[in-house]
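Chemist: Pasting run38.pdb here (PDB, C-alpha atoms):
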ATOM      1  CA  ILE A   1      20.506  19.931  11.270  1.00  0.00           C
ATOM      2  CA  ARG A   2      23.285  22.492  10.780  1.00  0.00           C
ATOM      3  CA  MET A   3      24.936  21.387  14.024  1.00  0.00           C
ATOM      4  CA  ALA A   4      24.844  17.739  12.921  1.00  0.00           C
ATOM      5  CA  LEU A   5      26.325  18.652   9.527  1.00  0.00           C
ATOM      6  CA  GLU A   6      29.100  20.656  11.205  1.00  0.00           C
ATOM      7  CA  ALA A   7      29.843  17.615  13.384  1.00  0.00           C
ATOM      8  CA  GLY A   8      30.322  15.498  10.241  1.00  0.00           C
ATOM      9  CA  ALA A   9      26.873  14.026   9.620  1.00  0.00           C
ATOM     10  CA  GLU A  10      25.740  13.450   6.053  1.00  0.00           C
ATOM     11  CA  VAL A  11      22.372  14.253   4.551  1.00  0.00           C
ATOM     12  CA  GLU A  12      20.674  11.410   2.727  1.00  0.00           C
ATOM     13  CA  GLY A  13      18.345  13.665   0.797  1.00  0.00           C
ATOM     14  CA  ASN A  14      15.050  12.838   2.480  1.00  0.00           C
ATOM     15  CA  PHE A  15      12.849  15.583   3.813  1.00  0.00           C
ATOM     16  CA  THR A  16       9.333  15.983   5.114  1.00  0.00           C
ATOM     17  CA  MET A  17       6.627  17.505   3.009  1.00  0.00           C
ATOM     18  CA  GLU A  18       2.878  17.298   2.586  1.00  0.00           C
ATOM     19  CA  ALA A  19       2.704  14.088   0.607  1.00  0.00           C
ATOM     20  CA  ALA A  20       0.631  10.984   1.062  1.00  0.00           C
ATOM     21  CA  ALA A  21       1.711   7.519   0.110  1.00  0.00           C
ATOM     22  CA  PRO A  22       0.829   5.184  -1.328  1.00  0.00           C
ATOM     23  CA  LYS A  23      -1.451   6.664  -3.994  1.00  0.00           C
ATOM     24  CA  ILE A  24      -2.044   6.641  -7.746  1.00  0.00           C
ATOM     25  CA  LYS A  25      -2.827   9.338 -10.299  1.00  0.00           C
ATOM     26  CA  GLY A  26      -5.321   9.051 -13.130  1.00  0.00           C
ATOM     27  CA  TYR A  27      -7.386   6.434 -11.321  1.00  0.00           C
ATOM     28  CA  ASP A  28      -8.488   8.503  -8.329  1.00  0.00           C
ATOM     29  CA  ALA A  29     -11.242   6.082  -7.284  1.00  0.00           C
ATOM     30  CA  LEU A  30      -8.549   3.469  -6.529  1.00  0.00           C
ATOM     31  CA  ASN A  31      -7.163   5.770  -3.847  1.00  0.00           C
ATOM     32  CA  LEU A  32     -10.166   4.703  -1.760  1.00  0.00           C
ATOM     33  CA  PHE A  33      -8.246   1.458  -1.209  1.00  0.00           C
ATOM     34  CA  LEU A  34      -4.677   2.680  -1.217  1.00  0.00           C
ATOM     35  CA  GLY A  35      -5.317   4.906   1.781  1.00  0.00           C
ATOM     36  CA  LYS A  36      -6.652   2.196   4.083  1.00  0.00           C
ATOM     37  CA  PRO A  37      -4.727   0.574   6.949  1.00  0.00           C
ATOM     38  CA  TYR A  38      -6.138  -2.922   6.302  1.00  0.00           C
ATOM     39  CA  ASN A  39      -4.013  -3.549   3.201  1.00  0.00           C
ATOM     40  CA  VAL A  40      -0.630  -5.212   2.851  1.00  0.00           C
ATOM     41  CA  TRP A  41       2.266  -3.283   1.302  1.00  0.00           C
ATOM     42  CA  LEU A  42       4.823  -5.261  -0.692  1.00  0.00           C
ATOM     43  CA  ASN A  43       8.048  -4.042  -2.274  1.00  0.00           C
ATOM     44  CA  ARG A  44       9.394  -5.143  -5.658  1.00  0.00           C
ATOM     45  CA  PHE A  45      10.758  -8.330  -4.065  1.00  0.00           C
ATOM     46  CA  GLY A  46       7.295  -9.280  -2.741  1.00  0.00           C
ATOM     47  CA  GLU A  47       8.268  -8.557   0.851  1.00  0.00           C
ATOM     48  CA  ARG A  48       6.130  -6.748   3.388  1.00  0.00           C
ATOM     49  CA  PHE A  49       8.068  -3.729   4.699  1.00  0.00           C
ATOM     50  CA  ALA A  50       5.959  -1.670   7.137  1.00  0.00           C
ATOM     51  CA  ASP A  51       3.008  -1.373   9.463  1.00  0.00           C
ATOM     52  CA  GLU A  52       0.380  -0.365   6.937  1.00  0.00           C
ATOM     53  CA  GLY A  53      -1.494   1.482   9.697  1.00  0.00           C
ATOM     54  CA  ILE A  54       1.031   4.313   9.217  1.00  0.00           C
ATOM     55  CA  VAL A  55      -0.927   5.318   6.095  1.00  0.00           C
ATOM     56  CA  TYR A  56      -2.602   8.028   8.192  1.00  0.00           C
ATOM     57  CA  ASN A  57       0.771   9.563   9.098  1.00  0.00           C
ATOM     58  CA  PHE A  58       1.769  11.067   5.751  1.00  0.00           C
ATOM     59  CA  ALA A  59       5.428  11.790   6.540  1.00  0.00           C
ATOM     60  CA  VAL A  60       6.087   8.333   7.978  1.00  0.00           C
ATOM     61  CA  SER A  61       4.226   6.413   5.269  1.00  0.00           C
ATOM     62  CA  PHE A  62       5.760   8.462   2.464  1.00  0.00           C
ATOM     63  CA  ASN A  63       9.253   7.877   3.873  1.00  0.00           C
ATOM     64  CA  ALA A  64       8.639   4.125   4.284  1.00  0.00           C
ATOM     65  CA  CYS A  65       7.482   3.844   0.668  1.00  0.00           C
ATOM     66  CA  LEU A  66      10.311   5.993  -0.706  1.00  0.00           C
ATOM     67  CA  ARG A  67      12.879   3.801   1.038  1.00  0.00           C
ATOM     68  CA  GLN A  68      11.820   0.714  -0.889  1.00  0.00           C
ATOM     69  CA  PRO A  69      14.094  -0.440  -3.732  1.00  0.00           C
ATOM     70  CA  ASP A  70      13.482   1.904  -6.653  1.00  0.00           C
ATOM     71  CA  GLY A  71      10.570   3.392  -4.679  1.00  0.00           C
ATOM     72  CA  GLN A  72       8.322   0.587  -5.905  1.00  0.00           C
ATOM     73  CA  VAL A  73       5.353  -0.361  -3.728  1.00  0.00           C
ATOM     74  CA  TRP A  74       2.352  -2.581  -4.385  1.00  0.00           C
ATOM     75  CA  VAL A  75      -0.789  -2.399  -2.267  1.00  0.00           C
ATOM     76  CA  VAL A  76      -2.544  -5.750  -1.877  1.00  0.00           C
ATOM     77  CA  PHE A  77      -6.101  -6.364  -0.687  1.00  0.00           C
ATOM     78  CA  ASN A  78      -8.802  -8.940  -1.317  1.00  0.00           C
ATOM     79  CA  GLN A  79     -12.518  -8.834  -2.078  1.00  0.00           C
ATOM     80  CA  ALA A  80     -13.447  -8.864   1.613  1.00  0.00           C
ATOM     81  CA  LEU A  81     -11.295  -5.780   2.244  1.00  0.00           C
ATOM     82  CA  LEU A  82     -12.696  -4.091  -0.855  1.00  0.00           C
ATOM     83  CA  ASP A  83     -16.194  -4.700   0.524  1.00  0.00           C
ATOM     84  CA  GLN A  84     -15.110  -3.499   3.991  1.00  0.00           C
ATOM     85  CA  THR A  85     -13.690  -0.298   2.504  1.00  0.00           C
ATOM     86  CA  LEU A  86     -16.898   0.424   0.634  1.00  0.00           C
ATOM     87  CA  SER A  87     -19.051  -0.200   3.702  1.00  0.00           C
ATOM     88  CA  ASP A  88     -16.770   2.049   5.804  1.00  0.00           C
ATOM     89  CA  GLY A  89     -17.250   4.928   3.384  1.00  0.00           C
ATOM     90  CA  LYS A  90     -14.805   7.799   3.027  1.00  0.00           C
ATOM     91  CA  ASP A  91     -13.070   9.090   6.129  1.00  0.00           C
ATOM     92  CA  MET A  92     -12.439  12.794   6.781  1.00  0.00           C
ATOM     93  CA  ILE A  93      -9.100  12.876   4.932  1.00  0.00           C
ATOM     94  CA  GLU A  94     -10.583  11.127   1.896  1.00  0.00           C
ATOM     95  CA  THR A  95     -13.572  13.455   1.895  1.00  0.00           C
ATOM     96  CA  ILE A  96     -11.189  16.413   1.666  1.00  0.00           C
ATOM     97  CA  HIS A  97      -8.782  14.944  -0.899  1.00  0.00           C
ATOM     98  CA  MET A  98     -11.091  13.021  -3.239  1.00  0.00           C
ATOM     99  CA  PRO A  99     -13.862  14.061  -5.591  1.00  0.00           C
ATOM    100  CA  PRO A 100     -17.314  13.422  -4.148  1.00  0.00           C
ATOM    101  CA  ASN A 101     -18.327  10.852  -6.790  1.00  0.00           C
ATOM    102  CA  VAL A 102     -15.418   8.394  -6.651  1.00  0.00           C
ATOM    103  CA  GLU A 103     -17.601   5.583  -5.309  1.00  0.00           C
ATOM    104  CA  GLU A 104     -19.971   5.903  -8.257  1.00  0.00           C
ATOM    105  CA  ARG A 105     -17.045   5.666 -10.692  1.00  0.00           C
ATOM    106  CA  LEU A 106     -15.300   2.808  -8.897  1.00  0.00           C
ATOM    107  CA  ASP A 107     -16.500  -0.083 -11.094  1.00  0.00           C
ATOM    108  CA  THR A 108     -15.548   1.621 -14.367  1.00  0.00           C
ATOM    109  CA  THR A 109     -12.268   2.867 -12.869  1.00  0.00           C
ATOM    110  CA  MET A 110     -11.348  -0.662 -11.774  1.00  0.00           C
ATOM    111  CA  GLU A 111     -12.223  -2.096 -15.194  1.00  0.00           C
ATOM    112  CA  GLN A 112     -10.091   0.553 -16.913  1.00  0.00           C
ATOM    113  CA  ALA A 113      -7.189   0.064 -14.482  1.00  0.00           C
ATOM    114  CA  ILE A 114      -7.224  -3.712 -15.095  1.00  0.00           C
ATOM    115  CA  ALA A 115      -7.315  -3.141 -18.883  1.00  0.00           C
ATOM    116  CA  ASP A 116      -4.415  -0.654 -18.579  1.00  0.00           C
ATOM    117  CA  GLY A 117      -2.333  -3.063 -16.462  1.00  0.00           C
ATOM    118  CA  VAL A 118      -2.396  -0.785 -13.407  1.00  0.00           C
ATOM    119  CA  LEU A 119      -4.597  -3.036 -11.276  1.00  0.00           C
ATOM    120  CA  CYS A 120      -4.342  -6.799 -11.055  1.00  0.00           C
ATOM    121  CA  LYS A 121      -7.247  -9.023 -10.054  1.00  0.00           C
ATOM    122  CA  ALA A 122      -6.079 -12.554  -9.319  1.00  0.00           C
ATOM    123  CA  ASP A 123      -7.190 -15.801  -7.739  1.00  0.00           C
ATOM    124  CA  SER A 124      -3.816 -16.635  -6.171  1.00  0.00           C
ATOM    125  CA  TYR A 125      -0.790 -15.104  -4.510  1.00  0.00           C
ATOM    126  CA  GLU A 126       1.303 -16.563  -7.324  1.00  0.00           C
ATOM    127  CA  ALA A 127      -0.626 -14.510  -9.885  1.00  0.00           C
ATOM    128  CA  LEU A 128       0.026 -11.397  -7.779  1.00  0.00           C
ATOM    129  CA  ALA A 129       3.742 -12.227  -7.871  1.00  0.00           C
ATOM    130  CA  ALA A 130       3.610 -12.409 -11.674  1.00  0.00           C
ATOM    131  CA  PHE A 131       1.998  -8.937 -11.749  1.00  0.00           C
ATOM    132  CA  ILE A 132       4.656  -7.536  -9.391  1.00  0.00           C
ATOM    133  CA  GLY A 133       7.407  -9.329 -11.297  1.00  0.00           C
ATOM    134  CA  CYS A 134       8.931 -11.108  -8.320  1.00  0.00           C
ATOM    135  CA  ASP A 135       9.380 -14.569  -6.846  1.00  0.00           C
ATOM    136  CA  GLU A 136       6.108 -16.448  -6.271  1.00  0.00           C
ATOM    137  CA  GLU A 137       7.311 -18.098  -3.077  1.00  0.00           C
ATOM    138  CA  THR A 138       8.249 -14.740  -1.529  1.00  0.00           C
ATOM    139  CA  VAL A 139       4.790 -13.239  -2.092  1.00  0.00           C
ATOM    140  CA  LYS A 140       3.121 -16.429  -0.887  1.00  0.00           C
ATOM    141  CA  ALA A 141       5.322 -16.520   2.235  1.00  0.00           C
ATOM    142  CA  SER A 142       4.729 -12.811   2.941  1.00  0.00           C
ATOM    143  CA  MET A 143       0.963 -13.178   2.660  1.00  0.00           C
ATOM    144  CA  GLU A 144       0.782 -16.438   4.612  1.00  0.00           C
ATOM    145  CA  GLU A 145       2.904 -14.949   7.378  1.00  0.00           C
ATOM    146  CA  TYR A 146       0.635 -11.892   7.501  1.00  0.00           C
ATOM    147  CA  ASN A 147      -2.477 -14.090   7.648  1.00  0.00           C
ATOM    148  CA  GLY A 148      -0.874 -15.981  10.538  1.00  0.00           C
ATOM    149  CA  PHE A 149      -0.249 -12.704  12.366  1.00  0.00           C
ATOM    150  CA  CYS A 150      -3.916 -11.810  11.826  1.00  0.00           C
ATOM    151  CA  LYS A 151      -5.033 -15.096  13.376  1.00  0.00           C
ATOM    152  CA  GLU A 152      -2.717 -14.549  16.356  1.00  0.00           C
ATOM    153  CA  GLY A 153      -3.885 -10.947  16.744  1.00  0.00           C
ATOM    154  CA  ARG A 154      -0.275  -9.781  16.840  1.00  0.00           C
ATOM    155  CA  ASP A 155       1.959  -8.476  14.052  1.00  0.00           C
ATOM    156  CA  GLY A 156       5.281 -10.160  14.753  1.00  0.00           C
ATOM    157  CA  TRP A 157       7.243  -7.803  12.499  1.00  0.00           C
ATOM    158  CA  PHE A 158       5.828  -4.296  12.678  1.00  0.00           C
ATOM    159  CA  ALA A 159       3.350  -4.316  15.610  1.00  0.00           C
ATOM    160  CA  LYS A 160       0.475  -3.220  13.381  1.00  0.00           C
ATOM    161  CA  ASP A 161      -2.605  -2.263  15.394  1.00  0.00           C
ATOM    162  CA  LYS A 162      -4.673  -5.464  15.600  1.00  0.00           C
ATOM    163  CA  ARG A 163      -7.904  -3.640  14.709  1.00  0.00           C
ATOM    164  CA  TYR A 164      -6.424  -3.160  11.206  1.00  0.00           C
ATOM    165  CA  MET A 165      -5.271  -6.761  10.825  1.00  0.00           C
ATOM    166  CA  LEU A 166      -7.751  -8.571   8.627  1.00  0.00           C
ATOM    167  CA  SER A 167      -6.689 -11.884   7.120  1.00  0.00           C
ATOM    168  CA  MET A 168      -6.565 -12.298   3.351  1.00  0.00           C
ATOM    169  CA  GLU A 169      -6.835 -16.040   2.948  1.00  0.00           C
ATOM    170  CA  GLU A 170      -9.558 -15.936   0.307  1.00  0.00           C
ATOM    171  CA  GLY A 171      -9.544 -14.180  -3.051  1.00  0.00           C
ATOM    172  CA  PRO A 172     -10.009 -12.712  -5.375  1.00  0.00           C
ATOM    173  CA  TYR A 173      -6.937 -10.633  -4.642  1.00  0.00           C
ATOM    174  CA  TYR A 174      -6.050  -7.213  -5.987  1.00  0.00           C
ATOM    175  CA  ALA A 175      -2.720  -5.432  -6.343  1.00  0.00           C
ATOM    176  CA  ILE A 176      -2.034  -1.851  -7.383  1.00  0.00           C
ATOM    177  CA  GLN A 177       1.395  -0.366  -7.919  1.00  0.00           C
ATOM    178  CA  ALA A 178       1.506   2.915  -6.040  1.00  0.00           C
ATOM    179  CA  GLU A 179       3.129   5.932  -7.631  1.00  0.00           C
ATOM    180  CA  LEU A 180       5.940   7.835  -5.975  1.00  0.00           C
ATOM    181  CA  PRO A 181       7.748  10.826  -7.461  1.00  0.00           C
ATOM    182  CA  GLU A 182      10.550   9.505  -9.717  1.00  0.00           C
ATOM    183  CA  LYS A 183      13.022  12.208  -8.713  1.00  0.00           C
ATOM    184  CA  MET A 184      12.658  11.305  -5.029  1.00  0.00           C
ATOM    185  CA  ARG A 185      13.132   7.528  -5.258  1.00  0.00           C
ATOM    186  CA  LEU A 186      16.214   5.908  -3.784  1.00  0.00           C
ATOM    187  CA  LYS A 187      17.987   3.899  -6.481  1.00  0.00           C
ATOM    188  CA  ARG A 188      19.339   0.507  -5.489  1.00  0.00           C
TER     189      ARG A 188
END
Let's see the structure in the file written out as structure tokens.
Modeler:
Amino acid sequence: IRMALEAGAEVEGNFTMEAAAPKIKGYDALNLFLGKPYNVWLNRFGERFADEGIVYNFAVSFNACLRQPDGQVWVVFNQALLDQTLSDGKDMIETIHMPPNVEERLDTTMEQAIADGVLCKADSYEALAAFIGCDEETVKASMEEYNGFCKEGRDGWFAKDKRYMLSMEEGPYYAIQAELPEKMRLKR
């Protein structure tokens, strides 16, 4: 790094640290979903921006999320993925990083998160767009394109591993805004 700086390179301010993204504080049971590779990640414009399978690589996923405008990221999943996550159970990383009783508290945590405006449960992509605060057509196009990739078995944008590509054509749909450290977000 010093050699690059001496040659005239500039430092953007990003660095690697032990940090996982996306995640949320205060609603720890919701992290059961945020840390899964099946989800779709949307930025504040309603656009998909990464291979969500990178969630297991903390440095890469954290960097991808931080690079989004204002560091804002929404994790989208549907009822089928929620059910899949619960049937999968916690993986090794989740077992280490989450309290043992998060599954038992999930229903009440979800109800509280919906009441607090942290979690959105919706019957349409358009309702998800309203929660995110972006253009309806962009969210709809992003989700329909992703569903098409799932049917083809090939992610045309980010080469997501096809075993993690599960279509979300049927609702209800859920969206959670992930939390990233304010002082680390790139402002645009």
Chemist: List the spatial neighbours of A:Asp107 as a ChimeraX atom specification - criterion: any atom at most 12 Å away, only C-alpha atoms, same-chain residues fewer than 6 positions off excluded.
Modeler: /A:27,29-30,82,86,101,113-114
Chemist: Could you tell me how far atom CA of A:Leu81 lies from atom CA of A:Arg67, in Å and to one decimal?
Modeler: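 Between atom CA of A:Leu81 and atom CA of A:Arg67 the gap is 26.0 Å.
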Chemist: Quick one: everything within 9 Å of A:Glu126, counting only C-alpha atoms, minus sequence neighbours fewer than 4 positions away in the same chain. Send it as a list in words.
Modeler: Ala122, Ala130, Phe131, Asp135, Glu136, Glu137, Val139 and Lys140 of chain A
Chemist: Work out how far apart atom CA of A:Leu128 and atom CA of A:Arg105 are and give it in Å to one decimal.
Modeler: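 Separation between atom CA of A:Leu128 and atom CA of A:Arg105: 24.3 Å.
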Chemist: For this structure, which residues satisfy the selection - the PyMOL selection byres ((chain A and resi 61) around 12) - when it is evaluated on the file as given? I want them as a PyMOL selection string.
Modeler: chain A and resi 16-23+34-37+41+49-60+62-68+73+180
Chemist: Smallest atom-to-atom distance to A:Leu42: which of A:Pro172, A:Asp116, A:Arg154, A:Gly133, using only C-alpha atoms?
Modeler: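 With only C-alpha atoms as the atom set, the closest residue is A:Gly133.
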Chemist: Which neighbours of A:Gly89 fall inside 9 Å, counting only C-alpha atoms, when residues of the same chain fewer than 4 positions from it are skipped, and could you give them as a ChimeraX atom specification?
Modeler: /A:32,84-85,103
Chemist: Take the residues that were just selected and, keeping C-alpha atoms, output them as a JSON list (two decimals), in the coordinates of the input.
Modeler:
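See out.json below for the written result:
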[["chain", "number", "residue", "atom", "x", "y", "z"],
["A", 32, "LEU", "CA", -10.17, 4.70, -1.76],
["A", 84, "GLN", "CA", -15.11, -3.50, 3.99],
["A", 85, "THR", "CA", -13.69, -0.30, 2.50],
["A", 103, "GLU", "CA", -17.60, 5.58, -5.31]]
Chemist: I'd like to know which of A:Gly153, A:Tyr164, A:Phe33, A:Asn147 is closest to A:Asp83, using only C-alpha atoms.
Modeler: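 Selected residue with least distance to A:Asp83: A:Phe33.
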Chemist: Pick out the closest residue to A:Leu119 from this set: A:Lys160, A:Gly171, A:Gln177, A:Phe45. Count all atoms listed in the file.
Modeler: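 When distances to A:Leu119 are compared using all atoms listed in the file, the smallest one comes from A:Gln177.
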Chemist: Quick one: distance from atom CA of A:Val75 to atom CA of A:Asp161 in Å, one decimal?
Modeler: 17.8 Å
Chemist: Using only C-alpha atoms, which of A:Ser167, A:Lys90, A:Cys134, A:Phe77 sits nearest A:Phe149?
Modeler: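 The closest residue to A:Phe149 is A:Ser167.
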Chemist: Given the file shown, determine the residues that the PyMOL selection byres ((chain A and resi 173) around 9) selects; report them as number ranges by chain.
Modeler: A: 76-79, 120-125, 128, 168, 170-172, 174-175
Chemist: Could you tell me which of A:Asn43, A:Gln112, A:Ser142, A:Asn31 comes closest to A:Gly71 if we count all atoms listed in the file?
Modeler: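 Comparing A:Asn43, A:Gln112, A:Ser142, A:Asn31 against A:Gly71, the winner is A:Asn43.
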Chemist: Tell me which of A:Thr109, A:Gln72, A:Ser87, A:Asn39 sits closest to A:Gly26, counting only C-alpha atoms.
Modeler: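 Smallest separation from A:Gly26 among the options: A:Thr109.
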